[in-house]
$ cat query.cif   # mmCIF, C-alpha atoms
data_input
loop_
_atom_site.group_PDB
_atom_site.id
_atom_site.type_symbol
_atom_site.label_atom_id
_atom_site.label_comp_id
_atom_site.auth_asym_id
_atom_site.auth_seq_id
_atom_site.Cartn_x
_atom_site.Cartn_y
_atom_site.Cartn_z
ATOM 1 C CA MET A 4 -7.499 -2.419 -15.131
ATOM 2 C CA GLU A 5 -6.551 -0.282 -18.089
ATOM 3 C CA SER A 6 -6.950 -1.486 -21.657
ATOM 4 C CA ASN A 7 -3.980 -2.854 -23.569
ATOM 5 C CA ALA A 8 -4.090 0.117 -25.965
ATOM 6 C CA THR A 9 -3.968 2.558 -23.049
ATOM 7 C CA GLN A 10 -1.229 0.526 -21.373
ATOM 8 C CA GLY A 11 0.731 0.395 -24.647
ATOM 9 C CA LEU A 12 0.572 4.153 -25.100
ATOM 10 C CA ALA A 13 1.517 4.686 -21.474
ATOM 11 C CA GLY A 14 4.428 2.247 -21.809
ATOM 12 C CA GLU A 15 5.828 3.925 -24.893
ATOM 13 C CA GLU A 16 5.434 7.392 -23.386
ATOM 14 C CA LEU A 17 7.165 6.270 -20.182
ATOM 15 C CA TYR A 18 9.982 4.679 -22.167
ATOM 16 C CA HIS A 19 10.591 7.855 -24.174
ATOM 17 C CA ARG A 20 10.633 9.924 -20.983
ATOM 18 C CA PHE A 21 13.098 7.443 -19.449
ATOM 19 C CA ALA A 22 15.280 7.427 -22.598
ATOM 20 C CA ASN A 23 15.469 11.206 -22.294
ATOM 21 C CA GLY A 24 16.736 11.082 -18.721
ATOM 22 C CA ASP A 25 13.583 10.840 -16.546
ATOM 23 C CA ASN A 26 14.493 8.079 -14.069
ATOM 24 C CA LYS A 27 11.089 8.335 -12.364
ATOM 25 C CA ALA A 28 9.566 7.110 -15.650
ATOM 26 C CA PHE A 29 11.662 3.932 -15.356
ATOM 27 C CA GLU A 30 10.136 3.203 -11.952
ATOM 28 C CA GLU A 31 6.688 3.679 -13.485
ATOM 29 C CA LEU A 32 7.579 1.264 -16.337
ATOM 30 C CA VAL A 33 8.546 -1.366 -13.778
ATOM 31 C CA LEU A 34 5.254 -0.900 -11.916
ATOM 32 C CA LEU A 35 3.272 -1.055 -15.162
ATOM 33 C CA TYR A 36 4.811 -4.262 -16.558
ATOM 34 C CA GLU A 37 6.435 -6.175 -13.700
ATOM 35 C CA ASP A 38 3.509 -8.495 -12.864
ATOM 36 C CA GLU A 39 2.728 -9.411 -16.474
ATOM 37 C CA LEU A 40 6.390 -9.996 -17.333
ATOM 38 C CA SER A 41 6.834 -12.154 -14.212
ATOM 39 C CA ARG A 42 3.832 -14.328 -15.151
ATOM 40 C CA PHE A 43 5.220 -14.763 -18.646
ATOM 41 C CA ILE A 44 8.698 -15.758 -17.424
ATOM 42 C CA TYR A 45 7.263 -18.024 -14.722
ATOM 43 C CA GLY A 46 5.448 -20.004 -17.419
ATOM 44 C CA THR A 47 8.834 -21.036 -18.789
ATOM 45 C CA VAL A 48 11.065 -21.441 -15.735
ATOM 46 C CA ARG A 49 8.357 -22.473 -13.252
ATOM 47 C CA ASP A 50 10.390 -21.293 -10.287
ATOM 48 C CA HIS A 51 9.521 -18.201 -8.278
ATOM 49 C CA HIS A 52 13.106 -17.289 -7.366
ATOM 50 C CA GLU A 53 14.384 -17.656 -10.938
ATOM 51 C CA THR A 54 11.370 -15.700 -12.187
ATOM 52 C CA GLU A 55 12.139 -12.840 -9.813
ATOM 53 C CA HIS A 56 15.798 -12.845 -10.834
ATOM 54 C CA LEU A 57 15.007 -12.897 -14.575
ATOM 55 C CA THR A 58 12.371 -10.176 -14.243
ATOM 56 C CA ILE A 59 14.871 -7.931 -12.465
ATOM 57 C CA GLU A 60 17.521 -8.770 -15.054
ATOM 58 C CA THR A 61 15.101 -7.873 -17.873
ATOM 59 C CA PHE A 62 14.501 -4.430 -16.417
ATOM 60 C CA ALA A 63 18.246 -4.059 -15.775
ATOM 61 C CA GLN A 64 18.927 -4.756 -19.460
ATOM 62 C CA LEU A 65 16.324 -2.171 -20.376
ATOM 63 C CA ALA A 66 18.001 0.369 -18.098
ATOM 64 C CA LEU A 67 21.488 -0.395 -19.413
ATOM 65 C CA ASN A 68 20.339 -0.065 -23.026
ATOM 66 C CA ARG A 69 18.337 3.093 -22.475
ATOM 67 C CA LYS A 70 18.212 4.181 -26.125
ATOM 68 C CA LYS A 71 17.902 0.780 -27.857
ATOM 69 C CA TYR A 72 14.113 0.588 -28.354
ATOM 70 C CA GLU A 73 13.333 1.951 -31.817
ATOM 71 C CA GLY A 74 9.542 1.626 -31.885
ATOM 72 C CA LYS A 75 9.443 -1.139 -34.524
ATOM 73 C CA SER A 76 7.052 -3.055 -32.277
ATOM 74 C CA SER A 77 5.004 -2.127 -29.238
ATOM 75 C CA PHE A 78 7.060 -1.405 -26.138
ATOM 76 C CA LYS A 79 5.469 -4.384 -24.361
ATOM 77 C CA THR A 80 6.526 -6.703 -27.204
ATOM 78 C CA TYR A 81 10.060 -5.304 -27.004
ATOM 79 C CA LEU A 82 10.196 -5.779 -23.224
ATOM 80 C CA PHE A 83 8.811 -9.323 -23.374
ATOM 81 C CA SER A 84 11.360 -10.172 -26.091
ATOM 82 C CA ILE A 85 14.176 -9.119 -23.765
ATOM 83 C CA GLY A 86 12.639 -11.278 -21.016
ATOM 84 C CA LYS A 87 12.230 -14.271 -23.330
ATOM 85 C CA ASN A 88 15.809 -14.041 -24.610
ATOM 86 C CA LEU A 89 17.258 -13.798 -21.094
ATOM 87 C CA THR A 90 15.064 -16.706 -19.982
ATOM 88 C CA MET A 91 16.160 -18.910 -22.893
ATOM 89 C CA ARG A 92 19.836 -18.133 -22.189
ATOM 90 C CA HIS A 93 19.251 -18.949 -18.528
ATOM 91 C CA ILE A 94 17.666 -22.302 -19.368
ATOM 92 C CA LYS A 95 20.510 -23.234 -21.722
ATOM 93 C CA LYS A 96 23.049 -22.237 -19.096
ATOM 94 C CA ARG A 97 21.241 -24.202 -16.418
ATOM 95 C CA GLY A 98 21.471 -27.252 -18.660
ATOM 96 C CA ARG A 99 18.685 -29.238 -17.107
ATOM 97 C CA GLU A 100 14.920 -29.340 -17.228
ATOM 98 C CA GLN A 101 13.106 -27.584 -14.383
ATOM 99 C CA HIS A 102 10.592 -29.705 -12.496
ATOM 100 C CA LEU A 103 7.034 -28.471 -12.304
ATOM 101 C CA SER A 104 6.116 -26.682 -9.114
ATOM 102 C CA PHE A 105 2.535 -25.745 -8.276
ATOM 103 C CA GLU A 106 1.716 -22.567 -6.433
ATOM 104 C CA ASP A 107 0.312 -22.784 -2.954
ATOM 105 C CA ALA A 108 -3.348 -22.049 -2.519
ATOM 106 C CA THR A 109 -4.021 -18.329 -2.327
ATOM 107 C CA ALA A 110 -6.660 -16.305 -0.594
ATOM 108 C CA ILE A 111 -9.797 -15.995 -2.681
ATOM 109 C CA PRO A 112 -11.071 -12.427 -3.017
ATOM 110 C CA ILE A 113 -14.842 -12.153 -2.891
ATOM 111 C CA ASP A 114 -16.646 -9.100 -4.224
ATOM 112 C CA ASP A 115 -19.948 -7.964 -2.742
ATOM 113 C CA ASP A 116 -21.789 -9.308 -5.801
ATOM 114 C CA GLN A 117 -20.549 -12.887 -5.598
ATOM 115 C CA THR A 118 -21.200 -15.788 -3.268
ATOM 116 C CA LEU A 119 -18.561 -17.850 -1.527
ATOM 117 C CA TYR A 120 -19.668 -20.881 -3.566
ATOM 118 C CA GLY A 121 -19.223 -18.996 -6.846
ATOM 119 C CA ALA A 122 -15.804 -17.721 -5.775
ATOM 120 C CA LEU A 123 -14.682 -21.221 -4.759
ATOM 121 C CA GLU A 124 -15.912 -22.643 -8.068
ATOM 122 C CA ARG A 125 -14.008 -20.003 -10.066
ATOM 123 C CA GLU A 126 -10.870 -20.619 -7.982
ATOM 124 C CA GLU A 127 -11.148 -24.368 -8.569
ATOM 125 C CA THR A 128 -11.547 -23.777 -12.311
ATOM 126 C CA ARG A 129 -8.522 -21.452 -12.305
ATOM 127 C CA GLN A 130 -6.427 -24.100 -10.520
ATOM 128 C CA TYR A 131 -7.455 -26.828 -13.003
ATOM 129 C CA LEU A 132 -6.567 -24.574 -15.892
ATOM 130 C CA GLN A 133 -3.264 -23.531 -14.304
ATOM 131 C CA LYS A 134 -2.228 -27.163 -13.718
ATOM 132 C CA ALA A 135 -3.204 -28.174 -17.233
ATOM 133 C CA MET A 136 -1.293 -25.206 -18.693
ATOM 134 C CA GLN A 137 1.840 -26.079 -16.708
ATOM 135 C CA GLU A 138 1.795 -29.581 -18.177
ATOM 136 C CA LEU A 139 1.933 -28.267 -21.743
ATOM 137 C CA LYS A 140 5.126 -27.911 -23.743
ATOM 138 C CA LYS A 141 6.809 -24.644 -22.800
ATOM 139 C CA GLU A 142 6.259 -23.270 -26.304
ATOM 140 C CA TYR A 143 2.522 -24.049 -26.107
ATOM 141 C CA HIS A 144 2.299 -22.468 -22.657
ATOM 142 C CA ALA A 145 4.110 -19.338 -23.836
ATOM 143 C CA VAL A 146 1.909 -18.778 -26.898
ATOM 144 C CA LEU A 147 -1.306 -19.210 -24.888
ATOM 145 C CA VAL A 148 -0.112 -16.804 -22.190
ATOM 146 C CA LEU A 149 0.867 -14.182 -24.749
ATOM 147 C CA LEU A 150 -2.337 -14.447 -26.787
ATOM 148 C CA TYR A 151 -4.967 -15.006 -24.115
ATOM 149 C CA PHE A 152 -3.599 -13.703 -20.830
ATOM 150 C CA GLU A 153 -1.463 -10.833 -22.094
ATOM 151 C CA ASP A 154 -3.869 -10.046 -24.963
ATOM 152 C CA MET A 155 -1.103 -9.751 -27.523
ATOM 153 C CA SER A 156 -1.897 -9.993 -31.218
ATOM 154 C CA TYR A 157 -0.525 -12.864 -33.297
ATOM 155 C CA LYS A 158 1.995 -10.412 -34.751
ATOM 156 C CA GLN A 159 3.198 -9.287 -31.308
ATOM 157 C CA ALA A 160 3.428 -12.885 -30.055
ATOM 158 C CA ALA A 161 5.377 -13.793 -33.207
ATOM 159 C CA GLN A 162 7.884 -11.029 -32.466
ATOM 160 C CA VAL A 163 8.323 -12.143 -28.856
ATOM 161 C CA MET A 164 8.751 -15.797 -29.833
ATOM 162 C CA ASN A 165 10.872 -15.128 -32.959
ATOM 163 C CA LYS A 166 8.372 -16.859 -35.231
ATOM 164 C CA SER A 167 6.248 -15.870 -38.212
ATOM 165 C CA ASP A 168 2.577 -14.938 -37.837
ATOM 166 C CA THR A 169 1.636 -18.194 -39.579
ATOM 167 C CA GLN A 170 3.824 -20.238 -37.227
ATOM 168 C CA ILE A 171 2.158 -18.567 -34.243
ATOM 169 C CA LYS A 172 -1.322 -19.342 -35.622
ATOM 170 C CA HIS A 173 -0.401 -23.006 -36.076
ATOM 171 C CA LEU A 174 1.318 -23.123 -32.689
ATOM 172 C CA ALA A 175 -1.732 -21.569 -30.998
ATOM 173 C CA TYR A 176 -4.036 -24.079 -32.709
ATOM 174 C CA ARG A 177 -1.889 -27.012 -31.534
ATOM 175 C CA ALA A 178 -1.551 -25.504 -28.037
ATOM 176 C CA LYS A 179 -5.337 -25.107 -27.666
ATOM 177 C CA ALA A 180 -5.869 -28.676 -28.899
ATOM 178 C CA ALA A 181 -3.271 -30.000 -26.432
ATOM 179 C CA LEU A 182 -4.839 -28.026 -23.583
ATOM 180 C CA LYS A 183 -8.307 -29.311 -24.461
ATOM 181 C CA LYS A 184 -7.041 -32.898 -24.637
ATOM 182 C CA ASN A 185 -5.273 -32.492 -21.285
ATOM 183 C CA LEU A 186 -8.386 -31.083 -19.633
ATOM 184 C CA GLU A 187 -10.623 -33.767 -21.133
ATOM 185 C CA SER A 188 -8.266 -36.538 -19.990
ATOM 186 C CA LYS A 189 -8.554 -35.265 -16.433
ATOM 187 C CA GLY A 190 -12.335 -35.022 -16.586
ATOM 188 C CA TYR A 191 -12.473 -31.213 -16.665
ATOM 189 C CA ILE A 192 -14.986 -31.196 -19.522
ATOM 190 C CA ARG A 193 -16.974 -28.278 -18.070
ATOM 191 C CA LEU A 194 -14.009 -25.926 -18.576
ATOM 192 C CA ILE A 195 -13.964 -26.373 -22.341
#

$ encode --input "query.cif" --output "structure tokens"
Amino acid sequence: MESNATQGLAGEELYHRFANGDNKAFEELVLLYEDELSRFIYGTVRDHHETEHLTIETFAQLALNRKKYEGKSSFKTYLFSIGKNLTMRHIKKRGREQHLSFEDATAIPIDDDQTLYGALEREETRQYLQKAMQELKKEYHAVLVLLYFEDMSYKQAAQVMNKSDTQIKHLAYRAKAALKKNLESKGYIRLI
């Protein structure tokens, strides 16, 4: 996995190539950011079909507005902002709260260096954390995903969420406290 700095430079370079007419660069942008953007959107809508639709729509907006990115933020922040705005419009249009849906169990990859027991324990921990995260307020979930899973800075997360850096810091503090309380209430003390 490449570092965020490397990914950021690659994303901006690909965008500039795309903005100058290189359609192959657009395909590479999709490959570079599609999974991360989908995880971010899924945290809000919690529906795989809607997530897929909104992810595609985000990239469609990017393609339709080929020259709109001005470099005032990282390309990833810009892209995630488009995704967030489309998602919020979708939720308002839908007019109802989406019910939580938990993902089906997935195959557990095991490297040569790990035991089956260790892999199962990590998978169980991941599932506890995922369930606890899904039970948080959507705003709490979003800030934690941006900061800790997408490795965005407070400033980048603030831009995506249309908040100040200070608001993001306070929101992250409250989100971590809510997550800890949720995990403790379910007896998942060892995760904290």

$ axis_aligned_box --input "query.cif" --around "range 156-173 of chain A" --padding-each-side "4 Å" --output "AutoDock Vina command-line options"
--center_x 4.5 --center_y -16.1 --center_z -34.2 --size_x 20.8 --size_y 21.7 --size_z 18.7

$ resolve_selection --input "query.cif" --expression "the PyMOL selection byres ((chain A and resi 63-78) around 9)" --output "VMD selection string"
chain A and resid 11 to 12 14 to 15 18 to 19 21 to 24 29 58 to 62 79 to 83 85 159 162

$ write_last_selection --input "query.cif" --atoms "C-alpha atoms" --output "PDB file, in the coordinates of the input"
ATOM      1  CA  GLY A  11       0.731   0.395 -24.647  1.00  0.00           C
ATOM      2  CA  LEU A  12       0.572   4.153 -25.100  1.00  0.00           C
ATOM      3  CA  GLY A  14       4.428   2.247 -21.809  1.00  0.00           C
ATOM      4  CA  GLU A  15       5.828   3.925 -24.893  1.00  0.00           C
ATOM      5  CA  TYR A  18       9.982   4.679 -22.167  1.00  0.00           C
ATOM      6  CA  HIS A  19      10.591   7.855 -24.174  1.00  0.00           C
ATOM      7  CA  PHE A  21      13.098   7.443 -19.449  1.00  0.00           C
ATOM      8  CA  ALA A  22      15.280   7.427 -22.598  1.00  0.00           C
ATOM      9  CA  ASN A  23      15.469  11.206 -22.294  1.00  0.00           C
ATOM     10  CA  GLY A  24      16.736  11.082 -18.721  1.00  0.00           C
ATOM     11  CA  PHE A  29      11.662   3.932 -15.356  1.00  0.00           C
ATOM     12  CA  THR A  58      12.371 -10.176 -14.243  1.00  0.00           C
ATOM     13  CA  ILE A  59      14.871  -7.931 -12.465  1.00  0.00           C
ATOM     14  CA  GLU A  60      17.521  -8.770 -15.054  1.00  0.00           C
ATOM     15  CA  THR A  61      15.101  -7.873 -17.873  1.00  0.00           C
ATOM     16  CA  PHE A  62      14.501  -4.430 -16.417  1.00  0.00           C
ATOM     17  CA  LYS A  79       5.469  -4.384 -24.361  1.00  0.00           C
ATOM     18  CA  THR A  80       6.526  -6.703 -27.204  1.00  0.00           C
ATOM     19  CA  TYR A  81      10.060  -5.304 -27.004  1.00  0.00           C
ATOM     20  CA  LEU A  82      10.196  -5.779 -23.224  1.00  0.00           C
ATOM     21  CA  PHE A  83       8.811  -9.323 -23.374  1.00  0.00           C
ATOM     22  CA  ILE A  85      14.176  -9.119 -23.765  1.00  0.00           C
ATOM     23  CA  GLN A 159       3.198  -9.287 -31.308  1.00  0.00           C
ATOM     24  CA  GLN A 162       7.884 -11.029 -32.466  1.00  0.00           C
TER      25      GLN A 162
END

$ atom_distance --input "query.cif" --atom1 "CA of Arg42 in chain A" --atom2 "CA of Met91 in chain A"
15.3 Å

$ atom_distance --input "query.cif" --atom1 "CA of Val48 in chain A" --atom2 "CA of Thr169 in chain A"
25.8 Å

$ closest_residue --input "query.cif" --among "A:Leu182, A:Val148, A:Leu132, A:Met164" --to "Glu39 in chain A" --atoms "all atoms listed in the file"
A:Val148

$ closest_residue --input "query.cif" --among "A:Ala135, A:Leu17, A:Ala160, A:Leu150" --to "Lys87 in chain A" --atoms "all atoms listed in the file"
A:Ala160

$ atom_distance --input "query.cif" --atom1 "CA of Ala180 in chain A" --atom2 "CA of Gln137 in chain A"
14.7 Å

$ closest_residue --input "query.cif" --among "A:His52, A:Ala161, A:Thr47, A:Leu89" --to "Ala145 in chain A" --atoms "only C-alpha atoms"
A:Thr47

$ closest_residue --input "query.cif" --among "A:Ile94, A:Leu186, A:Ala181, A:Leu40" --to "Glu153 in chain A" --atoms "all atoms listed in the file"
A:Leu40

$ residues_around --input "query.cif" --residues "Ala178 in chain A" --least-positions-apart "4" --cutoff "12 Å" --atoms "all atoms listed in the file" --output "VMD selection string"
chain A and resid 135 to 148 150 to 151 170 to 174 182 to 185

$ closest_residue --input "query.cif" --among "A:Ser41, A:Gln130, A:Ser84, A:Ser188" --to "Lys166 in chain A" --atoms "only C-alpha atoms"
A:Ser84

$ closest_residue --input "query.cif" --among "A:Asp25, A:Arg92, A:Leu35, A:Gln133" --to "Phe152 in chain A" --atoms "all atoms listed in the file"
A:Gln133
